[in-house]
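Just target_26.txt here, compact mmCIF, C-alpha atoms:
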```txt
# COMPACT_ATOMS: atom_id res chain seq x y z
CA MET L 4 92.44 74.59 69.50
CA ASN L 5 96.20 74.57 69.07
CA PRO L 6 97.69 76.01 72.27
CA GLN L 7 100.82 77.05 70.42
CA LYS L 8 98.93 79.39 68.06
CA VAL L 9 97.33 82.20 69.96
CA THR L 10 95.90 85.47 68.66
CA CYS L 11 95.94 88.80 70.49
CA LYS L 12 92.18 88.63 70.96
CA GLU L 13 92.40 85.21 72.58
CA VAL L 14 95.17 86.45 74.82
CA THR L 15 93.18 89.41 76.05
CA ASP L 16 90.03 87.31 76.47
CA HIS L 17 91.90 84.66 78.36
CA ILE L 18 93.70 87.15 80.59
CA CYS L 19 90.36 88.72 81.38
CA LYS L 20 88.81 85.40 82.25
CA SER L 21 91.49 83.68 84.19
CA LEU L 22 94.53 85.74 85.03
CA GLY L 23 96.12 84.23 88.08
CA GLU L 24 94.58 80.84 87.65
CA ASP L 25 95.96 77.68 86.05
CA LEU L 26 99.23 79.45 85.40
CA ASP L 27 100.97 76.25 84.40
CA SER L 28 98.35 75.04 81.95
CA PRO L 29 99.62 74.58 78.38
CA ARG L 30 97.32 77.38 77.31
CA CYS L 31 98.78 79.77 79.85
CA LEU L 32 102.31 78.83 78.90
CA ALA L 33 101.47 79.56 75.27
CA ILE L 34 99.96 82.88 76.31
CA LYS L 35 103.08 83.81 78.23
CA GLU L 36 105.16 82.99 75.18
CA HIS L 37 102.85 85.06 73.01
CA LEU L 38 103.05 87.97 75.43
CA ASN L 39 106.82 87.96 75.04
CA SER L 40 106.53 88.60 71.32
CA CYS L 41 103.38 90.72 70.90
CA PRO L 42 103.69 94.47 71.69
CA ASP L 43 99.90 95.00 71.58
CA CYS L 44 99.25 92.37 74.20
CA GLN L 45 102.20 93.57 76.23
CA ASN L 46 100.71 97.05 76.25
CA TYR L 47 97.34 95.78 77.36
CA PHE L 48 98.79 93.50 80.00
CA THR L 49 101.04 96.28 81.28
CA SER L 50 98.10 98.67 81.53
CA ILE L 51 96.17 96.24 83.71
CA GLU L 52 99.25 95.53 85.81
CA LYS L 53 99.78 99.26 86.27
CA THR L 54 96.17 99.73 87.25
CA ILE L 55 96.61 97.12 89.94
CA ASP L 56 100.00 98.47 90.99
CA PHE L 57 98.58 101.95 91.24
CA TYR L 58 95.76 100.80 93.43
CA LYS L 59 98.17 98.87 95.62
CA LYS L 60 100.51 101.80 96.12
CA TYR L 61 98.08 104.68 96.18
CA ASN L 62 97.27 105.00 99.85
CA LEU L 63 96.23 108.10 101.72
CA GLU L 64 97.50 108.93 105.16
CA LEU L 65 94.72 108.85 107.70
CA PRO L 66 94.33 112.48 108.87
CA LYS L 67 95.20 112.91 112.54
CA GLU L 68 91.80 114.51 113.23
CA SER L 69 90.09 111.45 111.75
CA HIS L 70 92.14 109.17 113.98
CA ASP L 71 91.37 111.33 117.03
CA LYS L 72 87.64 111.39 116.22
CA LEU L 73 87.62 107.62 115.85
CA MET L 74 89.34 107.09 119.20
CA ASP L 75 86.91 109.49 120.88
CA LEU L 76 83.94 107.77 119.31
CA LEU L 77 85.15 104.40 120.57
CA ASN L 78 86.00 105.87 123.95
CA LEU L 79 89.63 104.82 123.57
CA THR L 80 92.85 106.66 124.25
CA ASP L 81 96.28 106.75 122.62
CA GLU L 82 99.08 105.58 124.81
CA MET H 14 101.75 90.71 121.93
CA ASN H 15 100.34 89.07 118.80
CA GLU H 16 96.97 89.75 117.19
CA LYS H 17 95.30 86.72 118.75
CA GLU H 18 96.32 87.77 122.28
CA LEU H 19 95.22 91.36 121.63
CA ILE H 20 91.83 90.13 120.43
CA GLU H 21 91.39 87.92 123.50
CA ARG H 22 92.29 90.80 125.80
CA ALA H 23 90.00 93.18 123.91
CA LYS H 24 87.15 90.69 124.19
CA ASN H 25 87.69 90.70 127.94
CA GLY H 26 87.37 94.46 128.11
CA ASP H 27 91.02 95.52 127.85
CA LYS H 28 90.70 98.96 126.26
CA SER H 29 94.39 99.33 125.65
CA ALA H 30 94.40 96.09 123.60
CA LEU H 31 91.36 97.29 121.68
CA ALA H 32 93.05 100.63 120.97
CA LYS H 33 96.08 98.79 119.60
CA LEU H 34 93.91 96.69 117.31
CA VAL H 35 92.09 99.78 116.03
CA LYS H 36 95.36 101.62 115.42
CA GLU H 37 96.79 98.65 113.52
CA GLN H 38 93.79 98.47 111.19
CA GLU H 39 92.46 102.02 110.83
CA LYS H 40 94.59 103.08 107.86
CA THR H 41 93.81 99.90 105.93
CA ILE H 42 90.08 100.29 106.50
CA TYR H 43 90.12 104.02 105.71
CA ASN H 44 91.96 103.43 102.45
CA PHE H 45 89.71 100.59 101.41
CA ALA H 46 86.63 102.74 102.06
CA PHE H 47 88.22 105.63 100.17
CA LYS H 48 89.04 103.48 97.15
CA ILE H 49 85.44 102.31 97.01
CA CYS H 50 83.51 105.50 97.74
CA ARG H 51 86.18 108.01 96.57
CA ASN H 52 85.09 110.60 99.03
CA PRO H 53 87.27 111.34 102.09
CA GLU H 54 84.37 112.34 104.34
CA GLN H 55 82.39 109.25 103.48
CA ALA H 56 85.49 107.13 103.89
CA GLU H 57 85.88 108.53 107.39
CA ASN H 58 82.23 107.85 108.23
CA ILE H 59 82.47 104.33 106.86
CA MET H 60 85.64 103.73 108.87
CA GLN H 61 83.87 104.88 112.03
CA GLU H 62 80.85 102.66 111.34
CA THR H 63 83.17 99.73 110.66
CA PHE H 64 84.99 100.05 113.98
CA LEU H 65 81.75 100.61 115.88
CA SER H 66 80.50 97.35 114.37
CA MET H 67 83.80 95.70 115.23
CA VAL H 68 83.57 96.72 118.88
CA LYS H 69 79.95 95.60 119.05
CA SER H 70 80.59 92.20 117.48
CA LEU H 71 84.14 91.39 118.52
CA HIS H 72 82.86 88.71 120.91
CA GLN H 73 81.48 86.90 117.84
CA PHE H 74 84.82 86.89 116.04
CA ASP H 75 85.92 83.26 116.09
CA GLY H 76 89.53 83.77 115.02
CA ASN H 77 89.20 81.36 112.09
CA SER H 78 90.16 84.14 109.69
CA LYS H 79 92.52 87.06 110.09
CA LEU H 80 91.03 90.11 111.78
CA THR H 81 91.65 92.12 108.59
CA THR H 82 89.58 89.68 106.54
CA TRP H 83 86.73 89.93 109.02
CA LEU H 84 86.99 93.74 108.97
CA TYR H 85 86.93 93.75 105.17
CA ARG H 86 83.60 91.97 105.38
CA ILE H 87 82.26 94.65 107.71
CA VAL H 88 83.66 97.58 105.74
CA THR H 89 82.34 96.11 102.47
CA ASN H 90 78.84 95.99 103.97
CA HIS H 91 79.11 99.56 105.17
CA CYS H 92 80.38 100.73 101.76
CA LEU H 93 77.45 99.07 100.02
CA MET H 94 74.97 100.48 102.54
CA ALA H 95 76.43 103.96 102.07
CA TYR H 96 76.25 103.54 98.30
CA ARG H 97 72.59 102.54 98.42
CA LYS H 98 71.77 105.50 100.67
CA LYS H 99 73.67 108.15 98.75
CA LYS H 100 74.18 106.93 95.22
CA ASN H 101 74.98 110.34 93.80
CA GLN H 102 77.58 111.12 96.44
CA PHE H 103 80.08 108.48 95.42
CA LEU H 104 82.65 110.64 93.69
CA SER H 105 85.57 110.06 91.39
CA PHE H 106 89.20 110.79 92.06
CA ASP H 107 89.01 113.31 89.25
CA ASP H 108 86.63 115.52 91.18
CA GLU H 109 88.61 118.75 91.15
CA GLU H 110 87.60 119.98 94.57
CA ILE H 111 88.54 116.77 96.33
CA ALA H 112 91.76 116.48 94.33
CA ALA H 113 92.76 119.98 95.35
CA GLU H 114 91.79 119.50 98.98
CA HIS H 115 93.73 116.29 99.32
CA ASN H 116 96.61 117.04 96.99
CA ILE H 117 95.84 113.96 94.99
CA SER H 118 97.90 115.15 92.03
CA ASN H 119 100.85 115.74 94.36
CA ASP H 120 100.45 112.30 95.85
CA TRP H 121 100.66 110.90 92.35
CA SER H 122 104.00 112.52 91.73
CA ALA H 123 105.41 110.62 94.71
CA ILE H 124 104.66 107.30 93.03
CA PRO H 125 107.78 105.90 91.34
CA SER H 126 107.78 106.54 87.61
CA ASN H 127 108.00 102.86 86.80
CA VAL H 128 104.60 102.40 88.38
CA ILE H 129 102.76 105.10 86.49
CA GLU H 130 104.78 106.52 83.65
CA ASN H 131 102.65 109.49 82.81
CA ASN H 132 99.63 111.44 83.90
CA GLU H 133 97.69 110.57 80.80
CA LEU H 134 97.81 106.88 81.60
CA LYS H 135 96.96 107.62 85.24
CA ASP H 136 93.90 109.59 84.17
CA ILE H 137 92.77 106.86 81.82
CA LEU H 138 93.10 104.11 84.41
CA ASP H 139 91.51 106.13 87.14
CA LYS H 140 88.55 107.25 85.06
CA ALA H 141 87.99 103.68 83.94
CA ILE H 142 87.92 102.41 87.53
CA SER H 143 85.70 105.26 88.66
CA LYS H 144 83.05 104.07 86.19
CA LEU H 145 82.88 100.62 87.74
CA ALA H 146 79.85 100.08 89.96
CA PRO H 147 80.88 99.67 93.64
CA TYR H 148 80.26 95.92 93.77
CA TYR H 149 82.57 95.39 90.78
CA ARG H 150 85.12 97.78 92.24
CA ILE H 151 85.03 95.93 95.57
CA VAL H 152 85.63 92.56 93.89
CA PHE H 153 88.38 94.00 91.68
CA ILE H 154 90.16 95.60 94.65
CA LEU H 155 89.85 92.58 96.96
CA ARG H 156 90.87 90.07 94.31
CA ASP H 157 93.38 91.85 92.09
CA VAL H 158 94.71 94.62 94.30
CA ASN H 159 94.63 93.07 97.76
CA GLY H 160 95.39 89.58 96.46
CA TYR H 161 92.57 87.68 98.17
CA SER H 162 91.68 84.37 96.53
CA THR H 163 88.37 83.96 94.73
CA GLU H 164 87.06 81.94 97.70
CA GLU H 165 88.15 84.53 100.28
CA THR H 166 86.68 87.34 98.17
CA GLY H 167 83.42 85.38 98.07
CA LYS H 168 83.38 85.06 101.86
CA ILE H 169 84.11 88.75 102.37
CA THR H 170 81.48 89.95 99.91
CA ASN H 171 78.96 87.20 100.60
CA LEU H 172 79.03 86.25 96.93
CA SER H 173 79.34 82.76 95.50
CA VAL H 174 82.61 81.79 93.80
CA PRO H 175 80.99 81.90 90.31
CA ALA H 176 79.55 85.34 91.15
CA VAL H 177 83.00 86.63 92.18
CA LYS H 178 84.54 85.23 88.99
CA SER H 179 81.84 86.73 86.84
CA ARG H 180 82.13 90.16 88.46
CA LEU H 181 85.90 90.09 88.23
CA HIS H 182 85.74 89.02 84.58
CA ARG H 183 83.28 91.79 83.81
CA ALA H 184 85.29 94.36 85.76
CA ARG H 185 88.48 93.44 83.88
CA ALA H 186 86.69 93.34 80.53
CA PHE H 187 85.15 96.73 81.28
CA LEU H 188 88.54 98.17 82.22
CA ARG H 189 90.11 96.70 79.10
CA ASN H 190 87.44 98.28 76.88
CA GLU H 191 87.66 101.63 78.63
CA ILE H 192 91.45 101.65 78.34
CA ASN H 193 91.33 100.60 74.69
CA GLU H 194 88.75 103.27 73.87
CA ALA H 195 90.78 105.94 75.61
CA PHE H 196 93.92 105.00 73.70
CA LYS H 197 92.02 105.18 70.40
CA LYS H 198 91.09 108.84 70.98
```
Translate this structure into structure tokens?
Amino acid sequence: MNPQKVTCKEVTDHICKSLGEDLDSPRCLAIKEHLNSCPDCQNYFTSIEKTIDFYKKYNLELPKESHDKLMDLLNLTDE
Amino acid sequence: MNEKELIERAKNGDKSALAKLVKEQEKTIYNFAFKICRNPEQAENIMQETFLSMVKSLHQFDGNSKLTTWLYRIVTNHCLMAYRKKKNQFLSFDDEEIAAEHNISNDWSAIPSNVIENNELKDILDKAISKLAPYYRIVFILRDVNGYSTEETGKITNLSVPAVKSRLHRARAFLRNEINEAFKK
């Protein structure tokens, strides 16, 4: 397979299989190049990135009562 | 005092050191449990079970991994146990009652717009993730969200490296399909 000619389907399949691995392989470099010029793949890639970003940043505060209950349960005190 | 010293002191019965360790980790563990089970009450129970297990087994912690990694292993087990016990009680973020009670929609508005540009996209992503079975969600969160390597994720979940890769691949493929389908509507 010619690493310089990549279709959108291959890009999405490849990203699904090995995102974050072998980033410097010729195939990955070709994919990065493709991503720069293909709006469809950019949209897909962005949506996954946003999913991950969302999950990273979406954190709840631990309610004070929950903290207090936990400390009680463990027989510990706040100092 | 660093984590290693706190752990040593806690192992020797120093309650103040143990309290510090718990306070350093409680929010992380609560949020992980919440992202998996999507129910604040269950997340609280799972957090409690996790720290009870931690206190019980701290003497077995060898310090070869970070305490957080070890706790992720414990909380993962408790999440899976809770899931097996109460399959139908693992809720989605889009459960209206829970969203209202915890102001989830308000929390969303605090996220910078470059992270989530609109509510429609947020709903699509969130619904897609809520459909993932817990084991897939756990692998996705540990690997993609928390940034653990495939090997570390395997150790935490007690899965082989190929099993982690396969679950991650399937989770991403599932998310891709769900997102694509939603955009077609």
### Task
Might you pull out every residue within 12 Å of Arg150 in chain H, with all atoms listed in the file counted and same-chain residues fewer than 3 positions away left off, and present them as an MDAnalysis selection string?
(chainID L and resid 55 58) or (chainID H and resid 45:51 89 92:93 139 141:147 153:159 170 177 180:185 187:188)
### Task
Would you work out the distance separating CA of Leu84 in chain H from CA of Lys59 in chain L, expressed in Å to one decimal?
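CA of Lys59 in chain L lies 18.2 Å from CA of Leu84 in chain H.
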Residues of chain H within 7 Å of chain L: nearest atom pair and distance (Å, one decimal) for each, counting all atoms listed in the file, sorted by chain and number, as a Markdown table?
```
| residue | atom | partner | partner_atom | distance |
| --- | --- | --- | --- | --- |
| H:Lys28 | CA | L:Leu79 | CA | 6.5 |
| H:Ala32 | CA | L:Leu79 | CA | 6.0 |
| H:Lys40 | CA | L:Leu65 | CA | 5.8 |
| H:Tyr43 | CA | L:Leu65 | CA | 7.0 |
| H:Asn44 | CA | L:Asn62 | CA | 6.1 |
| H:Glu57 | CA | L:Ser69 | CA | 6.7 |
| H:Gln61 | CA | L:Leu73 | CA | 6.0 |
| H:Leu65 | CA | L:Leu77 | CA | 6.9 |
| H:Val128 | CA | L:Lys53 | CA | 6.1 |
| H:Ile129 | CA | L:Lys53 | CA | 6.6 |
| H:Leu138 | CA | L:Thr54 | CA | 6.1 |
| H:Asp157 | CA | L:Ile55 | CA | 6.5 |
| H:Val158 | CA | L:Ile55 | CA | 5.4 |
| H:His182 | CA | L:Lys20 | CA | 5.3 |
| H:Arg185 | CA | L:Cys19 | CA | 5.7 |
| H:Ala186 | CA | L:Cys19 | CA | 6.0 |
```
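Relative to CA of Gly76 in chain H, CA of Lys17 in chain H is found at 7.5 Å.
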Please determine an axis-aligned box that encloses all atoms of range 32-43 of chain L listed in the file, with 4 Å added on each side, and express its centre and edge lengths in Å to one decimal as JSON.
```
{"center_x": 103.4, "center_y": 86.9, "center_z": 74.9, "size_x": 14.9, "size_y": 24.2, "size_z": 16.0}
```
Who sits within 10 Å of Met67 in chain H, all atoms listed in the file, same chain under 6 positions skipped, as a JSON list (two decimals) with C-alpha atoms, keeping the file's coordinate frame:
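Result file is around-v9.json:
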```
[["chain", "number", "residue", "atom", "x", "y", "z"],
["H", 35, "VAL", "CA", 92.09, 99.78, 116.03],
["H", 61, "GLN", "CA", 83.87, 104.88, 112.03],
["H", 73, "GLN", "CA", 81.48, 86.90, 117.84],
["H", 74, "PHE", "CA", 84.82, 86.89, 116.04],
["H", 80, "LEU", "CA", 91.03, 90.11, 111.78],
["H", 83, "TRP", "CA", 86.73, 89.93, 109.02],
["H", 84, "LEU", "CA", 86.99, 93.74, 108.97],
["H", 87, "ILE", "CA", 82.26, 94.65, 107.71],
["H", 88, "VAL", "CA", 83.66, 97.58, 105.74]]
```
### Message
Please compute the CA of Glu16 in chain H-CA of Gln55 in chain H distance, one decimal, in Å.
### Response
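Separation between CA of Glu16 in chain H and CA of Gln55 in chain H: 27.9 Å.
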### Given all atoms listed in the file as the counted atoms, nearest of H:His91, H:His72, H:Lys36, H:Lys178 to Ala56 in chain H
H:His91
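Minimum atom-to-atom distance to Glu21 in chain H, evaluated using all atoms listed in the file, belongs to H:Leu71 out of H:Ile137, H:Ile59, H:Leu71, H:Ala95.
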